[in-house]
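**Q** Following this line is my_file.csv, made up of CSV, C-alpha atoms:
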```
chain,number,residue,atom,x,y,z
A,1032,MET,CA,3.1,-34.2,-13.6
A,1033,ASN,CA,-0.4,-35.3,-14.4
A,1034,LEU,CA,-3.1,-33.2,-12.8
A,1035,SER,CA,-6.7,-33.9,-13.1
A,1036,ARG,CA,-9.1,-31.1,-13.9
A,1037,ARG,CA,-10.4,-31.3,-10.3
A,1038,GLN,CA,-6.9,-30.9,-8.8
A,1039,ILE,CA,-6.2,-27.9,-11.0
A,1040,LEU,CA,-9.4,-26.3,-10.0
A,1041,ILE,CA,-8.4,-26.7,-6.3
A,1042,LEU,CA,-4.8,-25.7,-6.8
A,1043,LEU,CA,-5.4,-22.5,-8.8
A,1044,PRO,CA,-7.2,-20.5,-6.1
A,1045,ALA,CA,-4.8,-21.7,-3.5
A,1046,ALA,CA,-1.8,-20.6,-5.6
A,1047,ALA,CA,-3.5,-17.2,-6.2
A,1048,VAL,CA,-3.9,-16.7,-2.4
A,1049,ALA,CA,-0.3,-17.7,-1.8
A,1050,TRP,CA,1.0,-15.4,-4.5
A,1051,LYS,CA,-0.9,-12.4,-3.1
A,1052,SER,CA,0.8,-12.9,0.3
A,1053,VAL,CA,4.2,-13.2,-1.5
A,1054,LEU,CA,3.6,-9.9,-3.2
A,1055,ALA,CA,2.4,-8.2,0.0
A,1056,GLY,CA,5.9,-8.6,1.6
A,1057,THR,CA,6.6,-7.1,5.0
A,1058,PRO,CA,5.6,-3.5,5.5
A,1059,GLU,CA,7.1,-3.0,8.9
A,1060,SER,CA,10.7,-1.7,8.8
A,1061,ALA,CA,11.3,-1.2,12.5
A,1062,PRO,CA,12.6,-4.3,14.2
A,1063,ASN,CA,11.2,-5.3,17.6
A,1064,TYR,CA,8.1,-3.3,17.0
A,1065,ARG,CA,4.8,-5.0,16.8
A,1066,MET,CA,1.9,-2.8,15.8
A,1067,SER,CA,-0.6,-5.1,17.5
A,1068,ASP,CA,1.0,-4.3,20.9
A,1069,HIS,CA,0.2,-0.6,20.9
A,1070,TRP,CA,-2.7,1.8,20.8
A,1071,TRP,CA,-1.2,5.3,20.7
A,1072,GLY,CA,-2.7,8.6,22.0
A,1073,MET,CA,-1.6,11.7,23.8
A,1074,LEU,CA,-2.3,13.4,27.1
A,1075,ILE,CA,-2.4,17.2,27.3
A,1076,ASP,CA,-2.2,18.6,30.8
A,1077,ILE,CA,-3.7,22.1,30.4
A,1078,PRO,CA,-2.7,23.5,33.8
A,1079,LYS,CA,0.9,22.7,33.0
A,1080,CYS,CA,1.1,24.4,29.6
A,1081,ILE,CA,3.0,27.7,29.8
A,1082,GLY,CA,2.6,28.7,26.1
A,1083,CYS,CA,6.3,28.7,25.3
A,1084,GLY,CA,5.8,27.3,21.8
A,1085,ASN,CA,8.6,24.7,22.2
A,1086,CYS,CA,6.3,21.9,20.9
A,1087,VAL,CA,5.5,23.9,17.7
A,1088,ARG,CA,9.1,24.6,17.0
A,1089,ALA,CA,10.2,21.1,17.7
A,1090,CYS,CA,7.5,19.7,15.4
A,1091,GLN,CA,8.6,21.9,12.6
A,1092,ALA,CA,12.2,21.0,13.0
A,1093,GLU,CA,11.5,17.2,13.4
A,1094,ASN,CA,9.0,17.0,10.5
A,1095,ASP,CA,10.1,19.7,8.1
A,1096,VAL,CA,6.8,21.4,8.4
A,1097,PRO,CA,6.7,24.4,6.0
A,1098,ASP,CA,6.3,28.0,7.5
A,1099,GLY,CA,2.8,29.0,8.0
A,1100,PHE,CA,1.5,25.4,8.3
A,1101,PHE,CA,1.1,23.5,11.5
A,1102,ARG,CA,0.9,19.8,12.5
A,1103,THR,CA,0.6,21.1,16.1
A,1104,TRP,CA,-0.1,24.6,17.4
A,1105,VAL,CA,-1.0,26.3,20.6
A,1106,GLU,CA,-4.1,28.5,21.2
A,1107,ARG,CA,-4.4,31.0,24.0
A,1108,TYR,CA,-7.9,31.4,25.4
A,1109,HIS,CA,-9.1,34.5,27.3
A,1110,VAL,CA,-12.4,33.9,28.9
A,1111,THR,CA,-14.1,36.8,30.7
A,1112,ASP,CA,-17.2,36.8,32.8
A,1113,GLU,CA,-19.3,38.7,30.3
A,1114,HIS,CA,-18.3,36.5,27.4
A,1115,MET,CA,-18.1,33.0,28.9
A,1116,THR,CA,-19.3,31.4,25.6
A,1117,ASN,CA,-17.4,33.7,23.3
A,1118,PRO,CA,-13.8,33.6,24.4
A,1119,GLU,CA,-11.0,35.5,22.8
A,1120,VAL,CA,-8.7,33.0,21.1
A,1121,ILE,CA,-5.3,33.9,19.7
A,1122,SER,CA,-2.5,31.7,18.1
A,1123,PRO,CA,0.0,34.1,16.5
A,1124,ASP,CA,2.0,31.9,14.0
A,1125,GLY,CA,0.7,28.9,15.8
A,1126,GLY,CA,2.3,30.1,19.0
A,1127,LYS,CA,5.7,29.2,17.5
A,1128,GLU,CA,7.4,32.3,18.9
A,1129,GLY,CA,5.3,32.4,22.1
A,1130,PHE,CA,2.5,34.8,22.9
A,1131,PRO,CA,2.2,38.6,23.6
A,1132,VAL,CA,2.4,39.4,27.3
A,1133,ALA,CA,-1.0,39.4,28.9
A,1134,LYS,CA,-1.6,42.0,31.6
A,1135,GLU,CA,-3.5,41.1,34.7
A,1136,ASP,CA,-7.1,41.4,33.5
A,1137,ALA,CA,-10.6,40.3,34.3
A,1138,GLY,CA,-11.3,36.7,33.4
A,1139,LYS,CA,-9.0,33.8,33.0
A,1140,TYR,CA,-6.3,32.7,30.5
A,1141,PHE,CA,-5.1,29.3,29.5
A,1142,PHE,CA,-3.3,27.6,26.7
A,1143,VAL,CA,-4.6,24.7,24.6
A,1144,PRO,CA,-2.1,22.8,22.5
A,1145,LYS,CA,-3.7,21.2,19.5
A,1146,LEU,CA,-2.7,18.4,17.2
A,1147,CYS,CA,-4.3,15.5,15.3
A,1148,ASN,CA,-6.5,13.7,17.7
A,1149,HIS,CA,-5.7,10.3,16.0
A,1150,CYS,CA,-9.3,9.4,16.1
A,1151,ALA,CA,-10.2,5.7,16.2
A,1152,ASP,CA,-13.3,6.5,14.0
A,1153,SER,CA,-11.8,9.4,12.1
A,1154,PRO,CA,-14.0,11.3,9.6
A,1155,CYS,CA,-10.9,12.2,7.5
A,1156,THR,CA,-10.0,8.6,6.6
A,1157,GLN,CA,-13.7,7.8,5.7
A,1158,VAL,CA,-13.9,10.5,3.0
A,1159,CYS,CA,-10.6,9.7,1.2
A,1160,PRO,CA,-11.6,8.5,-2.3
A,1161,VAL,CA,-8.4,6.6,-2.9
A,1162,GLY,CA,-7.4,5.1,0.4
A,1163,ALA,CA,-4.5,7.4,0.9
A,1164,THR,CA,-5.2,8.1,4.6
A,1165,PHE,CA,-5.9,5.5,7.2
A,1166,VAL,CA,-5.7,4.4,10.8
A,1167,THR,CA,-2.8,2.1,11.4
A,1168,PRO,CA,-3.3,-1.1,13.5
A,1169,ASP,CA,-1.6,0.8,16.3
A,1170,GLY,CA,-4.0,3.6,16.2
A,1171,VAL,CA,-2.2,6.4,14.4
A,1172,VAL,CA,-3.8,8.3,11.6
A,1173,LEU,CA,-1.4,8.5,8.7
A,1174,ALA,CA,-1.4,10.0,5.2
A,1175,ASP,CA,0.3,8.2,2.3
A,1176,PRO,CA,2.1,11.0,0.3
A,1177,LYS,CA,2.6,8.6,-2.7
A,1178,TYR,CA,-1.0,7.7,-3.0
A,1179,CYS,CA,-2.7,11.1,-2.1
A,1180,LEU,CA,-4.3,13.0,-5.0
A,1181,GLY,CA,-4.4,16.3,-3.1
A,1182,CYS,CA,-8.2,16.6,-3.4
A,1183,ALA,CA,-8.4,18.0,0.2
A,1184,TYR,CA,-11.6,16.2,1.1
A,1185,CYS,CA,-9.9,15.1,4.3
A,1186,VAL,CA,-8.8,18.6,5.1
A,1187,GLN,CA,-12.5,19.6,5.0
A,1188,ALA,CA,-13.6,16.5,6.9
A,1189,CYS,CA,-11.3,16.9,9.9
A,1190,PRO,CA,-13.4,18.5,12.7
A,1191,TYR,CA,-10.3,19.7,14.4
A,1192,GLY,CA,-8.6,21.5,11.4
A,1193,CYS,CA,-5.5,19.3,11.7
A,1194,ARG,CA,-4.7,18.8,8.1
A,1195,TYR,CA,-3.2,21.0,5.3
A,1196,ILE,CA,-2.1,20.6,1.7
A,1197,HIS,CA,1.7,20.8,1.6
A,1198,PRO,CA,2.5,23.9,-0.5
A,1199,GLU,CA,5.3,22.2,-2.5
A,1200,LYS,CA,4.3,18.5,-2.5
A,1201,LYS,CA,0.6,19.4,-3.2
A,1202,VAL,CA,-0.5,16.4,-1.1
A,1203,VAL,CA,-2.0,16.2,2.3
A,1204,ASP,CA,0.3,16.5,5.3
A,1205,LYS,CA,-0.5,16.0,9.0
A,1206,CYS,CA,0.7,15.0,12.4
A,1207,THR,CA,2.1,11.4,12.3
A,1208,LEU,CA,2.3,11.3,16.1
A,1209,CYS,CA,6.1,11.1,15.2
A,1210,TYR,CA,5.5,7.6,13.9
A,1211,HIS,CA,9.2,7.4,12.9
A,1212,ARG,CA,10.1,8.1,16.5
A,1213,ILE,CA,7.5,6.1,18.5
A,1214,THR,CA,8.3,3.0,16.5
A,1215,LYS,CA,11.9,3.3,17.7
A,1216,GLY,CA,11.1,3.7,21.3
A,1217,LEU,CA,11.4,7.5,21.4
A,1218,THR,CA,8.6,9.8,22.4
A,1219,THR,CA,7.2,12.4,20.0
A,1220,ALA,CA,9.2,15.6,19.3
A,1221,CYS,CA,6.6,17.8,20.9
A,1222,ALA,CA,6.5,15.7,24.1
A,1223,GLU,CA,10.3,15.4,24.2
A,1224,ASN,CA,10.6,19.2,24.1
A,1225,CYS,CA,7.8,20.2,26.4
A,1226,PRO,CA,9.6,21.7,29.4
A,1227,THR,CA,6.8,21.2,31.8
A,1228,GLY,CA,5.5,17.8,30.8
A,1229,ALA,CA,2.2,19.2,29.6
A,1230,ARG,CA,2.3,16.8,26.6
A,1231,GLN,CA,2.8,13.1,27.1
A,1232,LEU,CA,2.7,10.3,24.6
A,1233,VAL,CA,0.5,7.5,25.9
A,1234,ASP,CA,0.1,3.9,24.9
A,1235,LEU,CA,-3.4,2.7,25.9
A,1236,LYS,CA,-2.5,-1.0,25.3
A,1237,ASN,CA,0.5,-0.8,27.7
A,1238,PRO,CA,-0.9,-1.8,31.1
A,1239,ASN,CA,2.0,-0.1,32.8
A,1240,ASP,CA,1.4,3.3,31.1
A,1241,PRO,CA,0.6,6.0,33.8
A,1242,ILE,CA,-2.3,7.1,31.6
A,1243,HIS,CA,-4.6,4.5,33.1
A,1244,ALA,CA,-4.2,5.8,36.6
A,1245,PHE,CA,-4.4,9.4,35.3
A,1246,LEU,CA,-7.7,8.8,33.5
A,1247,LYS,CA,-9.2,7.4,36.7
A,1248,THR,CA,-8.1,10.2,39.0
A,1249,HIS,CA,-8.4,13.3,36.8
A,1250,SER,CA,-11.1,15.3,35.1
A,1251,VAL,CA,-10.2,14.4,31.5
A,1252,GLN,CA,-12.0,15.5,28.3
A,1253,ILE,CA,-11.6,15.1,24.6
A,1254,LEU,CA,-12.3,17.7,22.0
A,1255,LYS,CA,-15.8,17.6,20.3
A,1256,PRO,CA,-16.9,14.4,22.0
A,1257,GLN,CA,-20.4,14.9,20.4
A,1258,MET,CA,-18.9,14.0,17.0
A,1259,ALA,CA,-18.1,10.5,18.1
A,1260,THR,CA,-14.7,10.5,16.4
A,1261,GLY,CA,-13.0,8.3,19.0
A,1262,ALA,CA,-10.4,11.0,19.6
A,1263,LYS,CA,-7.3,9.8,21.5
A,1264,VAL,CA,-5.9,13.2,22.6
A,1265,TYR,CA,-6.9,13.6,26.2
A,1266,TYR,CA,-7.1,17.0,27.8
A,1267,ASN,CA,-6.8,17.3,31.5
A,1268,GLU,CA,-9.0,20.1,33.0
A,1269,LEU,CA,-10.2,21.3,29.7
A,1270,ASP,CA,-12.4,24.4,30.0
A,1271,GLY,CA,-15.9,24.3,28.6
A,1272,ALA,CA,-15.1,27.4,26.5
A,1273,VAL,CA,-12.9,25.3,24.3
A,1274,ARG,CA,-14.8,24.1,21.2
B,284,MET,CA,-37.0,-29.7,-30.3
B,285,ASN,CA,-33.4,-29.8,-29.0
B,286,PRO,CA,-32.9,-26.9,-26.5
B,287,PHE,CA,-29.1,-27.2,-26.9
B,288,LYS,CA,-29.2,-26.7,-30.6
B,289,ASP,CA,-27.2,-23.6,-31.8
B,290,VAL,CA,-25.4,-23.0,-28.5
B,291,GLU,CA,-22.0,-22.1,-30.1
B,292,HIS,CA,-22.9,-18.3,-30.1
B,293,LEU,CA,-23.4,-18.5,-26.3
B,294,PHE,CA,-19.9,-20.0,-25.9
B,295,ARG,CA,-18.4,-17.3,-28.0
B,296,PHE,CA,-20.1,-14.7,-25.9
B,297,ALA,CA,-18.9,-16.4,-22.7
B,298,GLY,CA,-15.4,-16.4,-24.1
B,299,LEU,CA,-15.6,-12.6,-24.6
B,300,PHE,CA,-16.4,-12.3,-20.9
B,301,VAL,CA,-13.5,-14.5,-19.9
B,302,VAL,CA,-11.1,-12.4,-22.0
B,303,ALA,CA,-12.4,-9.2,-20.6
B,304,PHE,CA,-12.0,-10.5,-17.1
B,305,VAL,CA,-8.4,-11.6,-17.7
B,306,VAL,CA,-7.6,-8.2,-19.2
B,307,PHE,CA,-9.2,-6.5,-16.2
B,308,TRP,CA,-7.3,-8.7,-13.8
B,309,ALA,CA,-4.0,-8.1,-15.5
B,310,ILE,CA,-4.4,-4.3,-15.5
B,311,ARG,CA,-5.6,-4.3,-11.9
B,312,SER,CA,-2.8,-6.4,-10.5
B,313,HIS,CA,-0.4,-4.1,-12.4
B,314,VAL,CA,-1.7,-0.8,-11.1
B,315,VAL,CA,-2.8,-1.7,-7.5
B,316,PRO,CA,0.2,-1.6,-5.2
B,317,PRO,CA,1.1,-5.1,-3.8
B,318,THR,CA,0.5,-4.2,-0.2
B,319,PHE,CA,-2.8,-2.4,-0.8
B,320,GLY,CA,-5.5,-4.1,1.3
B,321,GLN,CA,-3.2,-5.9,3.6
B,322,TYR,CA,-4.5,-4.2,6.7
B,323,GLY,CA,-7.3,-2.2,5.2
B,324,HIS,CA,-8.2,0.0,2.3
B,325,TYR,CA,-4.8,1.5,2.0
B,326,ARG,CA,-1.2,0.8,1.0
B,327,ALA,CA,0.4,-1.0,4.0
B,328,ALA,CA,3.9,-0.2,2.7
B,329,ALA,CA,3.2,3.5,3.5
B,330,ILE,CA,3.4,2.6,7.2
B,331,GLY,CA,7.0,1.4,6.9
B,332,GLU,CA,7.9,4.3,4.7
B,333,ILE,CA,6.6,6.8,7.2
B,334,ALA,CA,8.4,4.9,10.1
B,335,ALA,CA,11.6,5.2,8.1
B,336,ARG,CA,11.7,9.0,8.1
B,337,PRO,CA,14.8,10.6,9.7
B,338,VAL,CA,14.9,11.5,13.4
B,339,HIS,CA,16.2,15.0,14.3
B,340,TYR,CA,15.7,15.0,18.1
B,341,ALA,CA,17.9,12.3,19.5
B,342,GLY,CA,16.0,12.0,22.8
B,343,HIS,CA,17.3,12.7,26.3
B,344,ASP,CA,18.4,9.0,26.8
B,345,ALA,CA,21.0,9.5,24.0
B,346,CYS,CA,22.3,12.7,25.6
B,347,GLU,CA,22.5,11.1,29.1
B,348,THR,CA,24.7,8.2,28.0
B,349,CYS,CA,27.6,10.7,27.6
B,350,HIS,CA,26.7,13.8,29.5
B,351,THR,CA,26.4,12.2,32.9
B,352,ASP,CA,28.0,15.2,34.6
B,353,VAL,CA,25.3,17.6,33.3
B,354,LEU,CA,22.6,15.0,34.3
B,355,ASP,CA,23.8,15.0,37.9
B,356,VAL,CA,23.6,18.8,38.1
B,357,LYS,CA,20.3,18.8,36.4
B,358,LYS,CA,18.7,16.1,38.5
B,359,ALA,CA,19.3,18.1,41.7
B,360,GLY,CA,17.7,21.3,40.4
B,361,LYS,CA,14.4,22.7,39.2
B,362,HIS,CA,15.1,21.8,35.5
B,363,ALA,CA,15.3,18.1,36.3
B,364,GLN,CA,12.3,17.4,34.1
B,365,VAL,CA,13.3,19.7,31.2
B,366,ASN,CA,14.8,17.5,28.5
B,367,CYS,CA,18.2,18.6,27.0
B,368,GLU,CA,16.9,19.3,23.5
B,369,ALA,CA,14.1,21.5,24.7
B,370,CYS,CA,16.8,24.2,25.0
B,371,HIS,CA,19.7,22.8,23.0
B,372,GLY,CA,17.6,22.0,19.9
B,373,PRO,CA,17.7,19.0,17.6
B,374,GLN,CA,21.0,17.1,18.2
B,375,SER,CA,20.6,13.7,16.5
B,376,GLN,CA,23.6,14.6,14.2
B,377,HIS,CA,25.7,15.4,17.2
B,378,ALA,CA,24.6,12.2,18.9
B,379,ASP,CA,25.6,10.2,15.7
B,380,ASP,CA,28.9,12.0,15.3
B,381,PRO,CA,29.9,13.8,18.5
B,382,GLY,CA,33.4,14.4,17.2
B,383,THR,CA,32.6,16.7,14.3
B,384,VAL,CA,29.1,18.1,14.9
B,385,THR,CA,29.2,20.5,17.8
B,386,PRO,CA,26.0,22.0,19.2
B,387,ALA,CA,25.7,25.8,18.9
B,388,LYS,CA,26.2,27.9,22.1
B,389,LEU,CA,22.9,29.1,23.5
B,390,ASP,CA,21.9,32.7,24.2
B,391,THR,CA,20.2,32.9,27.6
B,392,ALA,CA,18.8,36.4,26.7
B,393,THR,CA,16.4,34.9,24.3
B,394,LEU,CA,16.1,31.4,25.7
B,395,CYS,CA,15.1,31.9,29.3
B,396,VAL,CA,12.3,34.4,28.6
B,397,ARG,CA,10.5,32.0,26.3
B,398,CYS,CA,9.3,30.2,29.4
B,399,HIS,CA,9.9,32.7,32.2
B,400,ALA,CA,8.8,36.1,30.9
B,401,ALA,CA,6.0,37.3,33.1
B,402,SER,CA,2.5,37.0,31.6
B,403,ALA,CA,-0.9,36.9,33.3
B,404,ALA,CA,-1.7,34.1,30.8
B,405,ARG,CA,0.8,31.7,32.4
B,406,PRO,CA,-0.1,29.5,35.3
B,407,LYS,CA,0.3,31.5,38.6
B,408,ALA,CA,2.6,28.9,40.2
B,409,PHE,CA,5.1,28.9,37.3
B,410,PRO,CA,8.1,31.1,38.1
B,411,GLN,CA,8.0,34.2,35.9
B,412,VAL,CA,9.9,37.5,35.9
B,413,ASP,CA,9.7,40.8,34.1
B,414,ALA,CA,13.2,40.6,32.5
B,415,VAL,CA,13.8,44.4,32.5
B,416,ASP,CA,12.8,44.9,36.2
B,417,HIS,CA,14.4,41.6,37.3
B,418,ALA,CA,17.9,41.8,35.7
B,419,ASN,CA,18.1,45.2,33.9
B,420,GLY,CA,20.3,43.8,31.2
B,421,VAL,CA,22.5,41.5,33.3
B,422,PRO,CA,22.6,38.1,31.6
B,423,CYS,CA,20.6,35.4,33.3
B,424,GLU,CA,23.5,33.0,33.7
B,425,THR,CA,25.4,35.5,35.9
B,426,CYS,CA,23.2,34.4,38.7
B,427,HIS,CA,21.4,31.3,37.5
B,428,GLN,CA,23.1,28.2,36.2
B,429,PRO,CA,20.7,27.0,33.5
B,430,HIS,CA,21.0,23.3,34.4
B,431,SER,CA,20.2,24.0,38.1
B,432,PRO,CA,18.7,27.5,38.1
B,433,ALA,CA,18.3,28.2,41.8
B,434,VAL,CA,20.4,31.3,42.8
B,435,ASP,CA,22.3,29.5,45.6
B,436,ALA,CA,23.4,26.9,43.0
B,437,GLY,CA,25.5,29.7,41.6
B,438,GLY,CA,25.8,31.1,38.0
B,439,THR,CA,28.2,29.9,35.3
B,440,LYS,CA,30.9,31.7,33.6
```
Starting from the file, give its structure as structure tokens.

**A**
Amino acid sequence: MNLSRRQILILLPAAAVAWKSVLAGTPESAPNYRMSDHWWGMLIDIPKCIGCGNCVRACQAENDVPDGFFRTWVERYHVTDEHMTNPEVISPDGGKEGFPVAKEDAGKYFFVPKLCNHCADSPCTQVCPVGATFVTPDGVVLADPKYCLGCAYCVQACPYGCRYIHPEKKVVDKCTLCYHRITKGLTTACAENCPTGARQLVDLKNPNDPIHAFLKTHSVQILKPQMATGAKVYYNELDGAVR
Amino acid sequence: MNPFKDVEHLFRFAGLFVVAFVVFWAIRSHVVPPTFGQYGHYRAAAIGEIAARPVHYAGHDACETCHTDVLDVKKAGKHAQVNCEACHGPQSQHADDPGTVTPAKLDTATLCVRCHAASAARPKAFPQVDAVDHANGVPCETCHQPHSPAVDAGGTK
């Protein structure tokens, strides 16, 4: 084959581009799942939460979360008239074994389950120096344990305290929104095991998802909206005392 | 004066740059993972690896394909919306191999009070009891069938 210099100069970059896509391969292992069809989030219905800790236990069992660390946890707020802006917040062992009995008392109590907010503009992914944590095309914030250095910049950057350094692996670990489940058509372990339906996985790109009607008809809030993180965990009837 | 006189040293210098670039390119393509940058500044293959992690909770749809009798009882009662594994624990191994993996028997003494122990912190409308006052040591399932807990539905065994 005789190629002129001009032809070679045209062919070489084209071959380089083609070779790059050959090397890239196919990252999606789940069949019948297209990332571009989904935009995941979660709905937390505060008035439904009874503080049983089922979600915390389920998350630990599903994701092998080490003891003393949490991908999700439940906080109990006690807001009294005198201390509206300084509520008492407890979360004994993340609420995994429930909460101490509260006697009838002045003020109000409520439970706030917390987890990664899967922010669309997440501060944690922006500070990673190596590209080990990222927002997937379907809106889930994931951490790549093979690429993470364990520098913990992201642990400090998360405004919601949702990340930790795994005590054995020495790399960051966090809620994956049960990515291994939702890509197979299951719901998250916490939502599956919530006895009152206080936690619901939502897909904002699915026009039939009840979340759209819910957001229209309820008083829904996200955590720390002033930080403009694009959080996608929606709290129904969230009290102003929650920071 | 010819401006292109003695240009060979410039070619040699340019050659050095070309060699350095080729070495840099070779090292870079060796150390940067193939899928890095496919969707963004990260390794796209990590998405598939995380999606391939094992499932422990089979999901209520898996339970309901076989346990239709329990489903019928549950649907009629107050626990209709409580998924199976919320009480029975992670059962994907049982779902994969129902013959050999048998779920453990549950202890209602610890299980029921997780949700139903009286506490002022719980929503007022949620049914709650002080276990000592309410039952005085009698097991919950004497009066309440866990799958359909109203008393007139009858206890189990």

**Q** With 7 Å as the limit and counting all atoms listed in the file, what residues in chain A lie close to chain B? Please list them as a PyMOL selection string.

**A** chain A and resi 1054-1055+1058-1060+1078+1081+1083+1085+1093+1129+1132-1135+1140-1141+1162-1163+1165+1175+1210-1212+1214+1217+1220+1223-1227

**Q** Give me, as number ranges by chain, all polymer residues having an atom no more than 8 Å from A:Ala1262, counting only C-alpha atoms and skipping those fewer than 4 positions away in the same chain.

**A** A: 1148-1153, 1253-1254, 1256

**Q** Just the number, please: distance in Å from atom CA of B:Gln428 to atom CA of B:Leu354, one decimal.

**A**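 Computing the Euclidean distance for atom CA of B:Gln428 and atom CA of B:Leu354 yields 13.3 Å.
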
**Q** Within 12 Å of (0.2, 11.3, 17.6), all atoms listed in the file: residues as a PDB file with C-alpha atoms, in the frame of the given file?

**A**
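Output saved as out_0.pdb:
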```pdb
ATOM      1  CA  TRP A1070      -2.700   1.800  20.800  1.00  0.00           C
ATOM      2  CA  TRP A1071      -1.200   5.300  20.700  1.00  0.00           C
ATOM      3  CA  GLY A1072      -2.700   8.600  22.000  1.00  0.00           C
ATOM      4  CA  MET A1073      -1.600  11.700  23.800  1.00  0.00           C
ATOM      5  CA  LEU A1074      -2.300  13.400  27.100  1.00  0.00           C
ATOM      6  CA  ILE A1075      -2.400  17.200  27.300  1.00  0.00           C
ATOM      7  CA  CYS A1090       7.500  19.700  15.400  1.00  0.00           C
ATOM      8  CA  ARG A1102       0.900  19.800  12.500  1.00  0.00           C
ATOM      9  CA  THR A1103       0.600  21.100  16.100  1.00  0.00           C
ATOM     10  CA  LYS A1145      -3.700  21.200  19.500  1.00  0.00           C
ATOM     11  CA  LEU A1146      -2.700  18.400  17.200  1.00  0.00           C
ATOM     12  CA  CYS A1147      -4.300  15.500  15.300  1.00  0.00           C
ATOM     13  CA  ASN A1148      -6.500  13.700  17.700  1.00  0.00           C
ATOM     14  CA  HIS A1149      -5.700  10.300  16.000  1.00  0.00           C
ATOM     15  CA  CYS A1150      -9.300   9.400  16.100  1.00  0.00           C
ATOM     16  CA  ALA A1151     -10.200   5.700  16.200  1.00  0.00           C
ATOM     17  CA  VAL A1166      -5.700   4.400  10.800  1.00  0.00           C
ATOM     18  CA  THR A1167      -2.800   2.100  11.400  1.00  0.00           C
ATOM     19  CA  ASP A1169      -1.600   0.800  16.300  1.00  0.00           C
ATOM     20  CA  GLY A1170      -4.000   3.600  16.200  1.00  0.00           C
ATOM     21  CA  VAL A1171      -2.200   6.400  14.400  1.00  0.00           C
ATOM     22  CA  VAL A1172      -3.800   8.300  11.600  1.00  0.00           C
ATOM     23  CA  LEU A1173      -1.400   8.500   8.700  1.00  0.00           C
ATOM     24  CA  CYS A1193      -5.500  19.300  11.700  1.00  0.00           C
ATOM     25  CA  LYS A1205      -0.500  16.000   9.000  1.00  0.00           C
ATOM     26  CA  CYS A1206       0.700  15.000  12.400  1.00  0.00           C
ATOM     27  CA  THR A1207       2.100  11.400  12.300  1.00  0.00           C
ATOM     28  CA  LEU A1208       2.300  11.300  16.100  1.00  0.00           C
ATOM     29  CA  CYS A1209       6.100  11.100  15.200  1.00  0.00           C
ATOM     30  CA  TYR A1210       5.500   7.600  13.900  1.00  0.00           C
ATOM     31  CA  HIS A1211       9.200   7.400  12.900  1.00  0.00           C
ATOM     32  CA  ARG A1212      10.100   8.100  16.500  1.00  0.00           C
ATOM     33  CA  ILE A1213       7.500   6.100  18.500  1.00  0.00           C
ATOM     34  CA  THR A1214       8.300   3.000  16.500  1.00  0.00           C
ATOM     35  CA  THR A1218       8.600   9.800  22.400  1.00  0.00           C
ATOM     36  CA  THR A1219       7.200  12.400  20.000  1.00  0.00           C
ATOM     37  CA  ALA A1220       9.200  15.600  19.300  1.00  0.00           C
ATOM     38  CA  CYS A1221       6.600  17.800  20.900  1.00  0.00           C
ATOM     39  CA  ALA A1222       6.500  15.700  24.100  1.00  0.00           C
ATOM     40  CA  ARG A1230       2.300  16.800  26.600  1.00  0.00           C
ATOM     41  CA  GLN A1231       2.800  13.100  27.100  1.00  0.00           C
ATOM     42  CA  LEU A1232       2.700  10.300  24.600  1.00  0.00           C
ATOM     43  CA  VAL A1233       0.500   7.500  25.900  1.00  0.00           C
ATOM     44  CA  ASP A1234       0.100   3.900  24.900  1.00  0.00           C
ATOM     45  CA  ALA A1262     -10.400  11.000  19.600  1.00  0.00           C
ATOM     46  CA  LYS A1263      -7.300   9.800  21.500  1.00  0.00           C
ATOM     47  CA  VAL A1264      -5.900  13.200  22.600  1.00  0.00           C
ATOM     48  CA  TYR A1265      -6.900  13.600  26.200  1.00  0.00           C
TER      49      TYR A1265
END
```

**Q** Enter the distance from atom CA of A:Met1258 to atom CA of A:Asp1112, in Å, rounded to one decimal.

**A** 27.8 Å

**Q** Please compute the atom CA of B:His427-atom CA of A:Ala1092 distance, one decimal, in Å.

**A**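 These atoms are spaced 28.1 Å apart.
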
**Q** Measuring between all atoms listed in the file, which one of A:Tyr1108, A:Phe1142, A:Phe1245, A:Tyr1064 shows the shortest distance to A:Cys1080?

**A**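 Closest to A:Cys1080, using all atoms listed in the file: A:Phe1142.
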
**Q** Here is a test: counting all atoms listed in the file, which residue of A:Ala1244, A:Val1202, A:Val1087, A:Val1143 is nearest to A:Tyr1184?

**A**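 Using all atoms listed in the file, the shortest distance to A:Tyr1184 belongs to A:Val1202.
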